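Data file: entry39.pdb. Format and content: PDB, C-alpha atoms.
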ATOM      1  CA  MET A   1      33.604 -35.199  32.259
ATOM      2  CA  LYS A   2      31.525 -34.646  35.393
ATOM      3  CA  ASP A   3      33.636 -37.189  37.298
ATOM      4  CA  SER A   4      36.830 -35.448  36.199
ATOM      5  CA  LEU A   5      35.571 -32.048  37.290
ATOM      6  CA  ALA A   6      34.439 -33.497  40.611
ATOM      7  CA  LEU A   7      37.921 -34.923  41.227
ATOM      8  CA  LEU A   8      39.503 -31.586  40.336
ATOM      9  CA  LEU A   9      37.209 -29.752  42.745
ATOM     10  CA  VAL A  10      37.974 -32.232  45.537
ATOM     11  CA  PHE A  11      41.696 -31.827  44.915
ATOM     12  CA  ALA A  12      41.382 -28.020  44.941
ATOM     13  CA  ALA A  13      39.354 -28.184  48.155
ATOM     14  CA  GLY A  14      42.113 -30.240  49.772
ATOM     15  CA  ILE A  15      44.714 -27.657  48.800
ATOM     16  CA  CYS A  16      42.558 -24.862  50.215
ATOM     17  CA  LEU A  17      42.102 -26.741  53.492
ATOM     18  CA  GLY A  18      45.820 -27.345  53.751
ATOM     19  CA  VAL A  19      46.715 -23.712  53.076
ATOM     20  CA  SER A  20      44.107 -22.382  55.485
ATOM     21  CA  ASP A  21      45.142 -24.726  58.343
ATOM     22  CA  MET A  22      41.456 -25.535  58.830
ATOM     23  CA  ALA A  23      41.842 -29.268  58.224
ATOM     24  CA  PRO A  24      41.321 -31.476  61.300
ATOM     25  CA  GLU A  25      44.534 -32.729  62.868
ATOM     26  CA  PHE A  26      43.855 -36.376  62.046
ATOM     27  CA  LEU A  27      43.917 -35.570  58.314
ATOM     28  CA  HIS A  28      47.615 -34.726  58.651
ATOM     29  CA  LEU A  29      48.540 -38.194  59.897
ATOM     30  CA  PRO A  30      51.268 -39.544  57.556
ATOM     31  CA  TRP A  31      49.755 -43.034  57.358
ATOM     32  CA  LEU A  32      46.259 -41.873  56.392
ATOM     33  CA  PRO A  33      46.842 -41.804  52.580
ATOM     34  CA  THR A  34      48.180 -45.364  52.752
ATOM     35  CA  VAL A  35      45.081 -46.522  54.643
ATOM     36  CA  ALA A  36      42.764 -44.775  52.164
ATOM     37  CA  LEU A  37      44.577 -46.326  49.205
ATOM     38  CA  SER A  38      44.529 -49.744  50.891
ATOM     39  CA  LEU A  39      40.759 -49.517  51.363
ATOM     40  CA  LEU A  40      40.395 -48.609  47.690
ATOM     41  CA  MET A  41      42.518 -51.620  46.723
ATOM     42  CA  VAL A  42      40.350 -53.861  48.932
ATOM     43  CA  GLN A  43      37.256 -52.596  47.144
ATOM     44  CA  VAL A  44      38.851 -53.210  43.737
ATOM     45  CA  GLY A  45      39.962 -56.679  44.898
ATOM     46  CA  ILE A  46      36.475 -57.557  46.073
ATOM     47  CA  GLY A  47      35.040 -56.471  42.760
ATOM     48  CA  LEU A  48      37.647 -58.493  40.883
ATOM     49  CA  GLY A  49      37.259 -61.595  43.041
ATOM     50  CA  SER A  50      33.501 -61.618  42.666
ATOM     51  CA  ARG A  51      33.672 -61.689  38.887
ATOM     52  CA  LYS A  52      32.582 -64.935  37.235
ATOM     53  CA  ASP A  53      35.120 -64.476  34.443
ATOM     54  CA  LEU A  54      38.171 -64.106  36.740
ATOM     55  CA  PRO A  55      39.815 -67.377  35.521
ATOM     56  CA  ALA A  56      39.498 -66.166  31.927
ATOM     57  CA  ILE A  57      41.090 -62.836  32.850
ATOM     58  CA  ILE A  58      44.074 -64.593  34.436
ATOM     59  CA  LYS A  59      44.482 -66.843  31.397
ATOM     60  CA  SER A  60      44.513 -63.778  29.148
ATOM     61  CA  LEU A  61      47.890 -62.651  30.524
ATOM     62  CA  HIS A  62      50.502 -62.831  27.753
ATOM     63  CA  TRP A  63      54.136 -61.818  27.283
ATOM     64  CA  SER A  64      53.084 -59.321  24.616
ATOM     65  CA  MET A  65      51.606 -57.216  27.433
ATOM     66  CA  LEU A  66      55.182 -56.151  28.166
ATOM     67  CA  LEU A  67      55.039 -53.915  25.112
ATOM     68  CA  LEU A  68      52.731 -51.395  26.804
ATOM     69  CA  PRO A  69      54.793 -50.775  29.978
ATOM     70  CA  LEU A  70      57.972 -50.702  27.876
ATOM     71  CA  SER A  71      56.364 -48.104  25.614
ATOM     72  CA  THR A  72      55.326 -46.102  28.676
ATOM     73  CA  ILE A  73      58.876 -46.184  30.027
ATOM     74  CA  VAL A  74      60.490 -45.191  26.725
ATOM     75  CA  GLY A  75      57.909 -42.507  25.998
ATOM     76  CA  THR A  76      58.065 -40.993  29.477
ATOM     77  CA  LEU A  77      61.859 -40.834  29.542
ATOM     78  CA  THR A  78      62.001 -39.484  25.996
ATOM     79  CA  PHE A  79      59.651 -36.615  26.748
ATOM     80  CA  SER A  80      61.245 -36.039  30.156
ATOM     81  CA  THR A  81      64.330 -34.848  28.311
ATOM     82  CA  LEU A  82      62.256 -31.908  27.086
ATOM     83  CA  ALA A  83      62.210 -30.691  30.690
ATOM     84  CA  LEU A  84      65.830 -29.658  30.158
ATOM     85  CA  LEU A  85      64.432 -26.673  28.283
ATOM     86  CA  LEU A  86      62.976 -25.464  31.589
ATOM     87  CA  PHE A  87      65.478 -26.920  34.059
ATOM     88  CA  ARG A  88      68.732 -26.087  32.300
ATOM     89  CA  HIS A  89      70.605 -26.095  35.586
ATOM     90  CA  GLU A  90      69.749 -29.790  36.053
ATOM     91  CA  SER A  91      71.646 -32.672  34.465
ATOM     92  CA  LEU A  92      70.007 -35.074  32.016
ATOM     93  CA  LYS A  93      70.368 -37.935  34.490
ATOM     94  CA  ASP A  94      68.588 -35.959  37.220
ATOM     95  CA  VAL A  95      65.720 -35.098  34.883
ATOM     96  CA  LEU A  96      65.410 -38.746  33.847
ATOM     97  CA  ALA A  97      65.397 -39.774  37.520
ATOM     98  CA  VAL A  98      62.429 -37.470  38.124
ATOM     99  CA  GLY A  99      60.597 -38.891  35.105
ATOM    100  CA  SER A 100      61.292 -42.441  36.280
ATOM    101  CA  GLY A 101      58.717 -42.065  39.037
ATOM    102  CA  PHE A 102      55.892 -42.807  36.546
ATOM    103  CA  GLY A 103      53.418 -41.275  38.994
ATOM    104  CA  TYR A 104      54.797 -43.066  42.072
ATOM    105  CA  TYR A 105      55.402 -39.772  43.876
ATOM    106  CA  SER A 106      55.966 -41.152  47.385
ATOM    107  CA  LEU A 107      58.604 -43.754  46.538
ATOM    108  CA  SER A 108      60.369 -41.747  43.824
ATOM    109  CA  SER A 109      60.869 -38.647  45.960
ATOM    110  CA  VAL A 110      62.164 -40.673  48.916
ATOM    111  CA  LEU A 111      64.563 -42.691  46.761
ATOM    112  CA  ILE A 112      65.930 -39.606  45.034
ATOM    113  CA  ALA A 113      66.440 -37.835  48.354
ATOM    114  CA  GLU A 114      68.287 -40.792  49.854
ATOM    115  CA  ILE A 115      70.520 -41.590  46.875
ATOM    116  CA  LYS A 116      71.350 -38.021  45.817
ATOM    117  CA  SER A 117      72.150 -36.875  49.355
ATOM    118  CA  ALA A 118      75.175 -39.167  49.329
ATOM    119  CA  THR A 119      76.544 -37.799  46.055
ATOM    120  CA  ALA A 120      75.241 -34.234  45.707
ATOM    121  CA  GLY A 121      74.532 -33.123  49.257
ATOM    122  CA  MET A 122      71.333 -32.755  51.243
ATOM    123  CA  GLU A 123      70.259 -29.419  49.754
ATOM    124  CA  LYS A 124      70.510 -30.598  46.147
ATOM    125  CA  ALA A 125      68.874 -33.927  47.005
ATOM    126  CA  THR A 126      65.947 -32.210  48.721
ATOM    127  CA  GLN A 127      65.448 -29.865  45.778
ATOM    128  CA  LEU A 128      65.387 -32.715  43.257
ATOM    129  CA  ALA A 129      63.122 -34.827  45.479
ATOM    130  CA  THR A 130      60.659 -31.936  45.705
ATOM    131  CA  ILE A 131      60.608 -31.609  41.916
ATOM    132  CA  ALA A 132      60.006 -35.361  41.659
ATOM    133  CA  LEU A 133      57.144 -35.153  44.146
ATOM    134  CA  LEU A 134      55.412 -32.313  42.299
ATOM    135  CA  ALA A 135      55.986 -33.846  38.855
ATOM    136  CA  ASN A 136      54.615 -37.248  39.781
ATOM    137  CA  VAL A 137      51.665 -35.870  41.761
ATOM    138  CA  THR A 138      50.827 -33.786  38.692
ATOM    139  CA  ARG A 139      50.950 -36.901  36.515
ATOM    140  CA  GLU A 140      48.548 -38.759  38.778
ATOM    141  CA  VAL A 141      46.123 -35.841  38.968
ATOM    142  CA  PHE A 142      46.308 -35.448  35.189
ATOM    143  CA  ALA A 143      45.583 -39.162  34.794
ATOM    144  CA  LEU A 144      42.591 -38.980  37.138
ATOM    145  CA  LEU A 145      41.151 -36.153  35.077
ATOM    146  CA  CYS A 146      41.899 -37.552  31.628
ATOM    147  CA  CYS A 147      41.389 -41.314  31.955
ATOM    148  CA  PRO A 148      37.561 -41.208  31.905
ATOM    149  CA  VAL A 149      37.594 -39.015  28.791
ATOM    150  CA  ILE A 150      40.161 -41.157  26.967
ATOM    151  CA  ILE A 151      38.372 -44.391  27.867
ATOM    152  CA  ARG A 152      35.116 -43.050  26.446
ATOM    153  CA  LYS A 153      36.944 -42.403  23.180
ATOM    154  CA  GLY A 154      37.920 -46.064  23.034
ATOM    155  CA  LYS A 155      41.627 -45.499  23.728
ATOM    156  CA  GLY A 156      42.063 -47.961  26.587
ATOM    157  CA  ASN A 157      45.805 -48.561  26.188
ATOM    158  CA  ALA A 158      46.455 -44.823  25.990
ATOM    159  CA  ALA A 159      44.605 -44.288  29.279
ATOM    160  CA  ILE A 160      46.595 -47.083  30.931
ATOM    161  CA  SER A 161      49.878 -45.595  29.726
ATOM    162  CA  ILE A 162      48.990 -42.097  30.929
ATOM    163  CA  ALA A 163      48.005 -43.468  34.338
ATOM    164  CA  GLY A 164      51.504 -44.893  34.870
ATOM    165  CA  ILE A 165      51.762 -46.905  38.056
ATOM    166  CA  SER A 166      48.294 -45.807  39.153
ATOM    167  CA  SER A 167      46.827 -47.958  36.351
ATOM    168  CA  MET A 168      46.752 -50.812  38.873
ATOM    169  CA  ASP A 169      45.247 -48.931  41.799
ATOM    170  CA  VAL A 170      43.942 -45.356  41.897
ATOM    171  CA  CYS A 171      42.996 -45.123  38.205
ATOM    172  CA  LEU A 172      41.915 -48.754  37.827
ATOM    173  CA  PRO A 173      38.209 -48.177  38.604
ATOM    174  CA  MET A 174      38.116 -45.466  35.924
ATOM    175  CA  ILE A 175      39.924 -47.626  33.378
ATOM    176  CA  ILE A 176      37.634 -50.638  33.715
ATOM    177  CA  GLY A 177      34.518 -48.542  34.365
ATOM    178  CA  ARG A 178      32.467 -48.371  37.523
ATOM    179  CA  ASP A 179      30.225 -51.096  36.153
ATOM    180  CA  GLY A 180      33.125 -53.211  34.893
ATOM    181  CA  SER A 181      32.113 -52.584  31.277
ATOM    182  CA  LYS A 182      35.777 -52.385  30.245
ATOM    183  CA  SER A 183      36.914 -55.414  32.237
ATOM    184  CA  GLN A 184      38.929 -56.660  29.251
ATOM    185  CA  LEU A 185      41.448 -53.930  30.128
ATOM    186  CA  LEU A 186      41.901 -55.192  33.687
ATOM    187  CA  PRO A 187      44.807 -57.659  33.131
ATOM    188  CA  THR A 188      46.690 -55.166  30.973
ATOM    189  CA  ALA A 189      46.224 -52.320  33.477
ATOM    190  CA  VAL A 190      47.346 -54.360  36.488
ATOM    191  CA  PHE A 191      50.309 -55.906  34.668
ATOM    192  CA  HIS A 192      51.317 -52.475  33.338
ATOM    193  CA  GLY A 193      51.337 -50.947  36.818
ATOM    194  CA  PHE A 194      53.203 -53.926  38.279
ATOM    195  CA  ILE A 195      56.033 -53.722  35.726
ATOM    196  CA  LEU A 196      56.372 -49.970  36.237
ATOM    197  CA  GLU A 197      56.486 -50.423  40.006
ATOM    198  CA  LEU A 198      59.405 -52.821  39.601
ATOM    199  CA  SER A 199      61.200 -50.427  37.265
ATOM    200  CA  VAL A 200      61.006 -47.321  39.490
ATOM    201  CA  PRO A 201      63.733 -48.227  42.029
ATOM    202  CA  LEU A 202      65.952 -49.702  39.292
ATOM    203  CA  LEU A 203      65.796 -46.670  37.007
ATOM    204  CA  ILE A 204      66.043 -44.075  39.757
ATOM    205  CA  THR A 205      69.083 -45.813  41.237
ATOM    206  CA  LEU A 206      70.654 -45.951  37.770
ATOM    207  CA  PHE A 207      70.104 -42.275  36.990
ATOM    208  CA  CYS A 208      70.964 -40.942  40.452
ATOM    209  CA  GLN A 209      74.378 -42.605  40.681
TER     210      GLN A 209
END
Could you render the structure from this file as structure tokens?
Amino acid sequence: MKDSLALLLVFAAGICLGVSDMAPEFLHLPWLPTVALSLLMVQVGIGLGSRKDLPAIIKSLHWSMLLLPLSTIVGTLTFSTLALLLFRHESLKDVLAVGSGFGYYSLSSVLIAEIKSATAGMEKATQLATIALLANVTREVFALLCCPVIIRKGKGNAAISIAGISSMDVCLPMIIGRDGSKSQLLPTAVFHGFILELSVPLLITLFCQ
């Protein structure tokens, strides 16, 4: 719980810095989040590569692992339809396009803006892309806060599903534990995120056309 609260406080501090215009100029560089995420992935990769049981983890990959990402996709899209209760002016396909980001806020918002601008105009495309950005950022923040709690309750697959695409990067250290105590979840988490990453452009293109 302490880790979750710390992440929430850091996130809130970032918002405050952004609103107050007190953040140093270099923090606004568009490529900085990519560099930070890349460094995190390097750290995760080093930890994975140094494990003695890495060959066993690779051998544990099985086709049945598809069931978890498929369940995440079906569950996310099913509950995304409930958003129509709030966004009644939006079409079902647009709402499903927003849900199809699965936490991949950068790619989903860009794809929606590009595809919808050709069919619905720039203003409508920008509005929907903004909703997608906020919705998927919220999912990732929610995952960062909840994954440690859910993992401690022994619900590893539930934590992976909630994390969405971030199960293979940002949320991965939380899922497997800082000490690697839950390393048995590593193949499932990475495979889950990989399948979702492949599905994002396919589903968004389908729903935006």
request  = Please write the residues picked by the PyMOL selection byres ((chain A and resi 84-100) around 6) on this file as a ChimeraX atom specification.
outcome  = /A:77,80-83,101-102,132,200,204,207
ask   = Leaving out Gly156 of chain A and any residue of its chain fewer than 2 positions from it, which residues lie within 9 Å of it when counting all atoms listed in the file, given as a ChimeraX atom specification?
value = /A:147,150-154,158-161,175-176,182,185
Restricting it to C-alpha atoms, dump the selection as a JSON list (two decimals), in the coordinates of the input.
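Ended up saving to again-v7.json:
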[["chain", "number", "residue", "atom", "x", "y", "z"],
["A", 147, "CYS", "CA", 41.39, -41.31, 31.96],
["A", 150, "ILE", "CA", 40.16, -41.16, 26.97],
["A", 151, "ILE", "CA", 38.37, -44.39, 27.87],
["A", 152, "ARG", "CA", 35.12, -43.05, 26.45],
["A", 153, "LYS", "CA", 36.94, -42.40, 23.18],
["A", 154, "GLY", "CA", 37.92, -46.06, 23.03],
["A", 158, "ALA", "CA", 46.46, -44.82, 25.99],
["A", 159, "ALA", "CA", 44.60, -44.29, 29.28],
["A", 160, "ILE", "CA", 46.60, -47.08, 30.93],
["A", 161, "SER", "CA", 49.88, -45.60, 29.73],
["A", 175, "ILE", "CA", 39.92, -47.63, 33.38],
["A", 176, "ILE", "CA", 37.63, -50.64, 33.72],
["A", 182, "LYS", "CA", 35.78, -52.38, 30.24],
["A", 185, "LEU", "CA", 41.45, -53.93, 30.13]]
query = So what do you get for atom CA of Asp169 of chain A versus atom CA of Phe26 of chain A, distance-wise?
reply =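 It comes out at 23.9 Å.
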message = To one decimal place in Å, what is the distance between atom CA of Cys208 of chain A and atom CA of Lys116 of chain A?
response =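 Those two atoms sit 6.1 Å apart.
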